[in-house]
>>> print(open('start.cif').read())   # mmCIF, C-alpha atoms
data_work
loop_
_atom_site.label_atom_id
_atom_site.label_comp_id
_atom_site.auth_asym_id
_atom_site.auth_seq_id
_atom_site.Cartn_x
_atom_site.Cartn_y
_atom_site.Cartn_z
CA ASP A 1126 -11.41 -69.40 51.30
CA GLN A 1127 -14.62 -71.35 51.98
CA ALA A 1128 -13.48 -74.54 50.24
CA GLN A 1129 -10.37 -74.76 52.45
CA TRP A 1130 -12.48 -74.04 55.54
CA ALA A 1131 -14.81 -76.92 54.62
CA LEU A 1132 -11.91 -79.31 54.13
CA ARG A 1133 -10.42 -78.45 57.53
CA ASN A 1134 -13.68 -78.30 59.48
CA PRO A 1135 -14.24 -81.52 61.49
CA ARG A 1136 -17.90 -80.61 62.07
CA LEU A 1137 -18.69 -80.75 58.34
CA ARG A 1138 -19.11 -84.07 56.56
CA ALA A 1139 -19.76 -84.36 52.83
CA GLN A 1140 -20.83 -87.45 50.93
CA ALA A 1141 -21.37 -87.76 47.20
CA GLY A 1142 -21.81 -90.53 44.70
CA TYR A 1143 -22.28 -90.85 40.97
CA ALA A 1144 -23.04 -93.86 38.79
CA PHE A 1145 -22.74 -94.19 35.03
CA LEU A 1146 -24.35 -97.43 33.86
CA ASP A 1147 -24.10 -98.35 30.20
CA ALA A 1148 -26.33 -101.41 30.60
CA VAL A 1149 -27.72 -103.46 27.73
CA VAL A 1150 -29.46 -106.84 27.40
CA LEU A 1151 -26.76 -108.79 25.56
CA ARG A 1152 -28.59 -112.02 24.77
CA SER A 1153 -32.25 -112.88 25.00
CA ASN A 1154 -34.93 -114.45 22.85
CA THR A 1155 -37.65 -112.84 25.00
CA VAL A 1156 -40.33 -110.74 23.31
CA THR A 1157 -42.18 -108.22 25.50
CA SER A 1158 -45.11 -106.18 24.14
CA GLY A 1159 -44.20 -107.45 20.66
CA VAL A 1160 -40.64 -106.13 20.98
CA ARG A 1161 -37.53 -108.30 21.07
CA ILE A 1162 -35.56 -107.12 24.12
CA GLU A 1163 -32.07 -108.13 23.01
CA GLY A 1164 -30.00 -104.95 22.62
CA ASN A 1165 -32.38 -102.89 24.78
CA ARG A 1166 -31.61 -101.12 28.03
CA PRO A 1167 -32.79 -103.05 31.13
CA ALA A 1168 -35.84 -101.67 32.91
CA LEU A 1169 -35.37 -99.06 35.66
CA VAL A 1170 -31.63 -98.64 35.04
CA PRO A 1171 -30.73 -94.97 34.52
CA ARG A 1172 -27.60 -94.13 32.55
CA HIS A 1173 -26.77 -91.40 35.11
CA SER A 1174 -27.64 -91.22 38.80
CA GLY A 1175 -26.12 -89.59 41.83
CA SER A 1176 -26.49 -87.99 45.19
CA ALA A 1177 -24.76 -85.41 47.35
CA TRP A 1178 -25.28 -84.85 51.07
CA LEU A 1179 -23.82 -82.33 53.53
CA HIS A 1180 -23.97 -82.88 57.29
CA TYR A 1181 -22.98 -80.17 59.74
CA ALA A 1182 -22.72 -80.53 63.53
CA LEU A 1183 -23.87 -77.21 64.99
CA THR A 1184 -23.07 -78.45 68.50
CA GLU A 1185 -22.21 -81.83 70.03
CA ARG A 1186 -25.93 -82.55 70.26
CA LEU A 1187 -27.50 -80.72 67.31
CA SER A 1188 -26.82 -81.30 63.62
CA ILE A 1189 -28.36 -80.36 60.29
CA ALA A 1190 -28.05 -81.96 56.87
CA GLY A 1191 -29.26 -81.57 53.33
CA GLY A 1192 -28.78 -83.05 49.94
CA VAL A 1193 -29.91 -83.89 46.44
CA THR A 1194 -30.77 -87.26 44.90
CA SER A 1195 -30.96 -87.56 41.12
CA ASN A 1196 -31.91 -90.26 38.62
CA GLY A 1197 -31.73 -90.04 34.85
CA VAL A 1198 -34.23 -91.28 32.30
CA ARG A 1199 -35.27 -94.92 32.82
CA TYR A 1200 -37.49 -97.36 30.94
CA THR A 1201 -40.42 -98.98 32.73
CA SER A 1202 -39.86 -102.35 31.05
CA ASN A 1203 -37.24 -104.20 29.04
CA ASP A 1204 -39.23 -103.45 25.86
CA ASN A 1205 -38.06 -99.79 26.14
CA LEU A 1206 -41.45 -98.42 25.04
CA VAL A 1207 -42.29 -96.22 28.06
CA VAL A 1208 -39.85 -93.74 29.63
CA LEU A 1209 -39.77 -92.48 33.21
CA PRO A 1210 -38.44 -88.91 33.13
CA SER A 1211 -35.33 -87.91 35.04
CA TYR A 1212 -35.68 -86.15 38.37
CA ALA A 1213 -33.75 -84.47 41.15
CA ARG A 1214 -35.14 -84.39 44.69
CA THR A 1215 -33.90 -82.25 47.60
CA ASP A 1216 -34.02 -83.51 51.17
CA ALA A 1217 -33.03 -82.11 54.56
CA ALA A 1218 -32.69 -83.30 58.15
CA ILE A 1219 -32.14 -82.08 61.67
CA ALA A 1220 -31.08 -84.28 64.58
CA TYR A 1221 -30.76 -83.77 68.32
CA ARG A 1222 -29.10 -86.21 70.68
CA THR A 1223 -29.31 -86.25 74.45
CA GLY A 1224 -27.88 -89.15 76.40
CA ARG A 1225 -28.98 -92.37 74.74
CA VAL A 1226 -31.88 -90.82 72.80
CA GLU A 1227 -31.61 -89.27 69.36
CA LEU A 1228 -34.48 -87.39 67.74
CA GLY A 1229 -34.43 -86.87 63.99
CA LEU A 1230 -36.68 -84.96 61.63
CA ASN A 1231 -36.25 -85.67 57.93
CA ALA A 1232 -37.92 -83.64 55.20
CA ARG A 1233 -38.09 -85.31 51.81
CA ASN A 1234 -38.82 -83.66 48.46
CA LEU A 1235 -38.58 -80.13 49.86
CA ALA A 1236 -39.53 -78.49 46.57
CA GLY A 1237 -42.69 -80.62 46.33
CA ARG A 1238 -41.75 -81.74 42.82
CA ARG A 1239 -43.81 -84.35 41.02
CA TYR A 1240 -41.65 -87.26 39.90
CA TYR A 1241 -41.87 -90.96 39.13
CA GLU A 1242 -39.68 -93.18 41.24
CA THR A 1243 -40.29 -96.66 39.85
CA ALA A 1244 -42.58 -98.92 37.84
CA SER A 1245 -43.65 -102.57 37.79
CA SER A 1246 -44.49 -102.49 34.07
CA ASN A 1247 -45.49 -100.07 31.31
CA PHE A 1248 -48.88 -99.68 33.02
CA GLN A 1249 -47.96 -99.67 36.72
CA ILE A 1250 -45.94 -96.50 37.25
CA MET A 1251 -45.44 -95.33 40.83
CA PRO A 1252 -45.07 -91.65 41.63
CA GLY A 1253 -42.41 -90.51 44.05
CA THR A 1254 -43.28 -89.42 47.54
CA PRO A 1255 -44.73 -85.91 47.75
CA ARG A 1256 -43.25 -83.52 50.28
CA ASP A 1257 -43.24 -85.30 53.62
CA LEU A 1258 -41.76 -85.25 57.12
CA VAL A 1259 -40.56 -88.24 59.10
CA LEU A 1260 -39.86 -88.05 62.82
CA THR A 1261 -37.66 -90.78 64.29
CA VAL A 1262 -36.66 -91.62 67.83
CA ARG A 1263 -33.60 -93.83 68.33
CA VAL A 1264 -32.35 -95.25 71.57
CA VAL A 1265 -28.65 -96.07 71.45
CA ARG A 1266 -27.16 -98.73 73.69
#
>>> encode(input="start.cif", output="structure tokens")
Amino acid sequence: DQAQWALRNPRLRAQAGYAFLDAVVLRSNTVTSGVRIEGNRPALVPRHSGSAWLHYALTERLSIAGGVTSNGVRYTSNDNLVVLPSYARTDAAIAYRTGRVELGLNARNLAGRRYYETASSNFQIMPGTPRDLVLTVRVVR
């Protein structure tokens, strides 16, 4: 059975997290964009978010990894007038270590999906990173 193999395999590492946030502005006399914010959902706080990541050591020196990051619907401001849509992004990585040097190549947003990661207001909405690669070199003591 594959699930039992994964649980007993010391070369496989799994990480996952989930958050459910039922956030609300309890008390405020602030008015934003003509809207009283008391009772609204705080800006940029999704009700549901999570991530899952699998890391597998192919050898002592070479490893691969991949995962998904997800955020639910969020508002751009406390006035709750503009919504950022939910998204799920897939990422992957490969790492090679020799002696004190570790090389890593991370690929983010493998599917090249268009998504919106954050906002500073209802009018300053920042898109998420398009598909990209990041090469890192680490020297370990």
>>> residues_around(input="start.cif", residues="Ala1182 in chain A", least_positions_apart="6", cutoff="8 Å", atoms="only C-alpha atoms", output="list in words")
Arg1136, Leu1137, Ser1188 and Ile1189 of chain A
>>> resolve_selection(input="start.cif", expression="the PyMOL selection byres ((chain A and resi 1159) around 12)", output="VMD selection string")
chain A and resid 1154 to 1158 1160 to 1162 1203 to 1206
>>> write_last_selection(input="start.cif", atoms="C-alpha atoms", output="PDB file, in the coordinates of the input")
ATOM      1  CA  ASN A1154     -34.930-114.450  22.850  1.00  0.00           C
ATOM      2  CA  THR A1155     -37.650-112.840  25.000  1.00  0.00           C
ATOM      3  CA  VAL A1156     -40.330-110.740  23.310  1.00  0.00           C
ATOM      4  CA  THR A1157     -42.180-108.220  25.500  1.00  0.00           C
ATOM      5  CA  SER A1158     -45.110-106.180  24.140  1.00  0.00           C
ATOM      6  CA  VAL A1160     -40.640-106.130  20.980  1.00  0.00           C
ATOM      7  CA  ARG A1161     -37.530-108.300  21.070  1.00  0.00           C
ATOM      8  CA  ILE A1162     -35.560-107.120  24.120  1.00  0.00           C
ATOM      9  CA  ASN A1203     -37.240-104.200  29.040  1.00  0.00           C
ATOM     10  CA  ASP A1204     -39.230-103.450  25.860  1.00  0.00           C
ATOM     11  CA  ASN A1205     -38.060 -99.790  26.140  1.00  0.00           C
ATOM     12  CA  LEU A1206     -41.450 -98.420  25.040  1.00  0.00           C
TER      13      LEU A1206
END
>>> residues_around(input="start.cif", residues="Arg1172 in chain A", least_positions_apart="6", cutoff="10 Å", atoms="only C-alpha atoms", output="CSV table (one decimal) with C-alpha atoms, in the coordinates of the input")
chain,number,residue,atom,x,y,z
A,1144,ALA,CA,-23.0,-93.9,38.8
A,1145,PHE,CA,-22.7,-94.2,35.0
A,1146,LEU,CA,-24.4,-97.4,33.9
A,1147,ASP,CA,-24.1,-98.4,30.2
A,1148,ALA,CA,-26.3,-101.4,30.6
A,1166,ARG,CA,-31.6,-101.1,28.0
A,1196,ASN,CA,-31.9,-90.3,38.6
A,1197,GLY,CA,-31.7,-90.0,34.8
A,1198,VAL,CA,-34.2,-91.3,32.3
A,1199,ARG,CA,-35.3,-94.9,32.8
>>> closest_residue(input="start.cif", among="A:Leu1209, A:Val1193, A:Leu1187, A:Val1226", to="Gln1249 in chain A", atoms="all atoms listed in the file")
A:Leu1209
>>> residues_around(input="start.cif", residues="Gly1164 in chain A", least_positions_apart="4", cutoff="8 Å", atoms="only C-alpha atoms", output="list in words")
Val1149, Val1150, Leu1151 and Arg1152 of chain A
>>> closest_residue(input="start.cif", among="A:Gly1142, A:Gly1175, A:Pro1255, A:Gly1191", to="Asn1234 in chain A", atoms="all atoms listed in the file")
A:Pro1255
>>> closest_residue(input="start.cif", among="A:Ala1218, A:Asn1231, A:Ser1246, A:Arg1239", to="Leu1260 in chain A", atoms="all atoms listed in the file")
A:Asn1231
>>> closest_residue(input="start.cif", among="A:Pro1171, A:Pro1135, A:Gly1192, A:Gly1253", to="Val1208 in chain A", atoms="only C-alpha atoms")
A:Pro1171
>>> atom_distance(input="start.cif", atom1="CA of Pro1210 in chain A", atom2="CA of Ala1190 in chain A")
26.8 Å
>>> closest_residue(input="start.cif", among="A:Thr1223, A:Thr1201, A:Thr1261, A:Thr1254", to="Tyr1240 in chain A", atoms="all atoms listed in the file")
A:Thr1254
>>> atom_distance(input="start.cif", atom1="CA of Arg1238 in chain A", atom2="CA of Met1251 in chain A")
14.2 Å
>>> closest_residue(input="start.cif", among="A:Glu1163, A:Leu1169, A:Gly1224, A:His1180", to="Asn1134 in chain A", atoms="only C-alpha atoms")
A:His1180
>>> axis_aligned_box(input="start.cif", around="range 1138-1156 of chain A", padding_each_side="8 Å", output="JSON")
{"center_x": -29.7, "center_y": -99.3, "center_z": 39.7, "size_x": 37.2, "size_y": 46.4, "size_z": 49.7}
>>> resolve_selection(input="start.cif", expression="the PyMOL selection byres ((chain A and resi 1228) around 8)", output="list in words")
Ala1220, Tyr1221, Arg1222, Val1226, Glu1227, Gly1229, Leu1230, Leu1260, Thr1261, Val1262 and Arg1263 of chain A
>>> atom_distance(input="start.cif", atom1="CA of Ala1244 in chain A", atom2="CA of Thr1215 in chain A")
21.2 Å
>>> build_atoms(input="start.cif", residues="range 1164-1193 of chain A", atoms="N, CA and C atoms", output="PDB file, in the frame of the given file")
ATOM      1  N   GLY A1164     -30.546-106.232  23.043  1.00  0.00           N
ATOM      2  CA  GLY A1164     -30.000-104.950  22.620  1.00  0.00           C
ATOM      3  C   GLY A1164     -30.635-103.756  23.314  1.00  0.00           C
ATOM      4  N   ASN A1165     -31.716-103.990  24.064  1.00  0.00           N
ATOM      5  CA  ASN A1165     -32.380-102.890  24.780  1.00  0.00           C
ATOM      6  C   ASN A1165     -31.714-102.620  26.121  1.00  0.00           C
ATOM      7  N   ARG A1166     -32.058-101.494  26.682  1.00  0.00           N
ATOM      8  CA  ARG A1166     -31.610-101.120  28.030  1.00  0.00           C
ATOM      9  C   ARG A1166     -32.515-101.814  29.040  1.00  0.00           C
ATOM     10  N   PRO A1167     -31.954-102.408  30.104  1.00  0.00           N
ATOM     11  CA  PRO A1167     -32.790-103.050  31.130  1.00  0.00           C
ATOM     12  C   PRO A1167     -33.718-102.041  31.812  1.00  0.00           C
ATOM     13  N   ALA A1168     -34.858-102.516  32.242  1.00  0.00           N
ATOM     14  CA  ALA A1168     -35.840-101.670  32.910  1.00  0.00           C
ATOM     15  C   ALA A1168     -35.274-101.053  34.179  1.00  0.00           C
ATOM     16  N   LEU A1169     -35.662 -99.800  34.428  1.00  0.00           N
ATOM     17  CA  LEU A1169     -35.370 -99.060  35.660  1.00  0.00           C
ATOM     18  C   LEU A1169     -33.888 -98.797  35.919  1.00  0.00           C
ATOM     19  N   VAL A1170     -33.061 -98.901  34.890  1.00  0.00           N
ATOM     20  CA  VAL A1170     -31.630 -98.640  35.040  1.00  0.00           C
ATOM     21  C   VAL A1170     -31.293 -97.318  34.363  1.00  0.00           C
ATOM     22  N   PRO A1171     -31.086 -96.254  35.141  1.00  0.00           N
ATOM     23  CA  PRO A1171     -30.730 -94.970  34.520  1.00  0.00           C
ATOM     24  C   PRO A1171     -29.274 -94.983  34.056  1.00  0.00           C
ATOM     25  N   ARG A1172     -28.992 -94.259  33.010  1.00  0.00           N
ATOM     26  CA  ARG A1172     -27.600 -94.130  32.550  1.00  0.00           C
ATOM     27  C   ARG A1172     -26.798 -93.313  33.574  1.00  0.00           C
ATOM     28  N   HIS A1173     -27.423 -92.271  34.130  1.00  0.00           N
ATOM     29  CA  HIS A1173     -26.770 -91.400  35.110  1.00  0.00           C
ATOM     30  C   HIS A1173     -27.607 -91.325  36.374  1.00  0.00           C
ATOM     31  N   SER A1174     -26.962 -91.444  37.518  1.00  0.00           N
ATOM     32  CA  SER A1174     -27.640 -91.220  38.800  1.00  0.00           C
ATOM     33  C   SER A1174     -26.592 -90.748  39.804  1.00  0.00           C
ATOM     34  N   GLY A1175     -27.062 -90.076  40.834  1.00  0.00           N
ATOM     35  CA  GLY A1175     -26.120 -89.590  41.830  1.00  0.00           C
ATOM     36  C   GLY A1175     -26.790 -88.963  43.017  1.00  0.00           C
ATOM     37  N   SER A1176     -25.986 -88.668  44.005  1.00  0.00           N
ATOM     38  CA  SER A1176     -26.490 -87.990  45.190  1.00  0.00           C
ATOM     39  C   SER A1176     -25.350 -87.225  45.842  1.00  0.00           C
ATOM     40  N   ALA A1177     -25.723 -86.189  46.578  1.00  0.00           N
ATOM     41  CA  ALA A1177     -24.760 -85.410  47.350  1.00  0.00           C
ATOM     42  C   ALA A1177     -25.442 -85.010  48.649  1.00  0.00           C
ATOM     43  N   TRP A1178     -24.712 -85.094  49.752  1.00  0.00           N
ATOM     44  CA  TRP A1178     -25.280 -84.850  51.070  1.00  0.00           C
ATOM     45  C   TRP A1178     -24.249 -84.128  51.924  1.00  0.00           C
ATOM     46  N   LEU A1179     -24.666 -83.052  52.588  1.00  0.00           N
ATOM     47  CA  LEU A1179     -23.820 -82.330  53.530  1.00  0.00           C
ATOM     48  C   LEU A1179     -24.408 -82.440  54.926  1.00  0.00           C
ATOM     49  N   HIS A1180     -23.562 -82.739  55.886  1.00  0.00           N
ATOM     50  CA  HIS A1180     -23.970 -82.880  57.290  1.00  0.00           C
ATOM     51  C   HIS A1180     -23.102 -81.947  58.112  1.00  0.00           C
ATOM     52  N   TYR A1181     -23.739 -81.116  58.945  1.00  0.00           N
ATOM     53  CA  TYR A1181     -22.980 -80.170  59.740  1.00  0.00           C
ATOM     54  C   TYR A1181     -23.418 -80.251  61.196  1.00  0.00           C
ATOM     55  N   ALA A1182     -22.460 -80.477  62.086  1.00  0.00           N
ATOM     56  CA  ALA A1182     -22.720 -80.530  63.530  1.00  0.00           C
ATOM     57  C   ALA A1182     -22.665 -79.109  64.076  1.00  0.00           C
ATOM     58  N   LEU A1183     -23.822 -78.567  64.418  1.00  0.00           N
ATOM     59  CA  LEU A1183     -23.870 -77.210  64.990  1.00  0.00           C
ATOM     60  C   LEU A1183     -23.279 -77.205  66.392  1.00  0.00           C
ATOM     61  N   THR A1184     -23.619 -78.245  67.163  1.00  0.00           N
ATOM     62  CA  THR A1184     -23.070 -78.450  68.500  1.00  0.00           C
ATOM     63  C   THR A1184     -22.811 -79.950  68.643  1.00  0.00           C
ATOM     64  N   GLU A1185     -22.388 -80.383  69.809  1.00  0.00           N
ATOM     65  CA  GLU A1185     -22.210 -81.830  70.030  1.00  0.00           C
ATOM     66  C   GLU A1185     -23.531 -82.571  69.946  1.00  0.00           C
ATOM     67  N   ARG A1186     -24.622 -81.895  70.219  1.00  0.00           N
ATOM     68  CA  ARG A1186     -25.930 -82.550  70.260  1.00  0.00           C
ATOM     69  C   ARG A1186     -26.814 -82.274  69.053  1.00  0.00           C
ATOM     70  N   LEU A1187     -26.601 -81.156  68.380  1.00  0.00           N
ATOM     71  CA  LEU A1187     -27.500 -80.720  67.310  1.00  0.00           C
ATOM     72  C   LEU A1187     -26.783 -80.692  65.968  1.00  0.00           C
ATOM     73  N   SER A1188     -27.413 -81.302  64.959  1.00  0.00           N
ATOM     74  CA  SER A1188     -26.820 -81.300  63.620  1.00  0.00           C
ATOM     75  C   SER A1188     -27.907 -81.082  62.570  1.00  0.00           C
ATOM     76  N   ILE A1189     -27.473 -80.561  61.428  1.00  0.00           N
ATOM     77  CA  ILE A1189     -28.360 -80.360  60.290  1.00  0.00           C
ATOM     78  C   ILE A1189     -27.719 -81.013  59.068  1.00  0.00           C
ATOM     79  N   ALA A1190     -28.565 -81.323  58.087  1.00  0.00           N
ATOM     80  CA  ALA A1190     -28.050 -81.960  56.870  1.00  0.00           C
ATOM     81  C   ALA A1190     -28.979 -81.634  55.710  1.00  0.00           C
ATOM     82  N   GLY A1191     -28.448 -81.765  54.518  1.00  0.00           N
ATOM     83  CA  GLY A1191     -29.260 -81.570  53.330  1.00  0.00           C
ATOM     84  C   GLY A1191     -28.574 -82.139  52.116  1.00  0.00           C
ATOM     85  N   GLY A1192     -29.387 -82.471  51.120  1.00  0.00           N
ATOM     86  CA  GLY A1192     -28.780 -83.050  49.940  1.00  0.00           C
ATOM     87  C   GLY A1192     -29.731 -83.177  48.771  1.00  0.00           C
ATOM     88  N   VAL A1193     -29.178 -83.699  47.688  1.00  0.00           N
ATOM     89  CA  VAL A1193     -29.910 -83.890  46.440  1.00  0.00           C
ATOM     90  C   VAL A1193     -29.716 -85.327  45.975  1.00  0.00           C
TER      91      VAL A1193
END
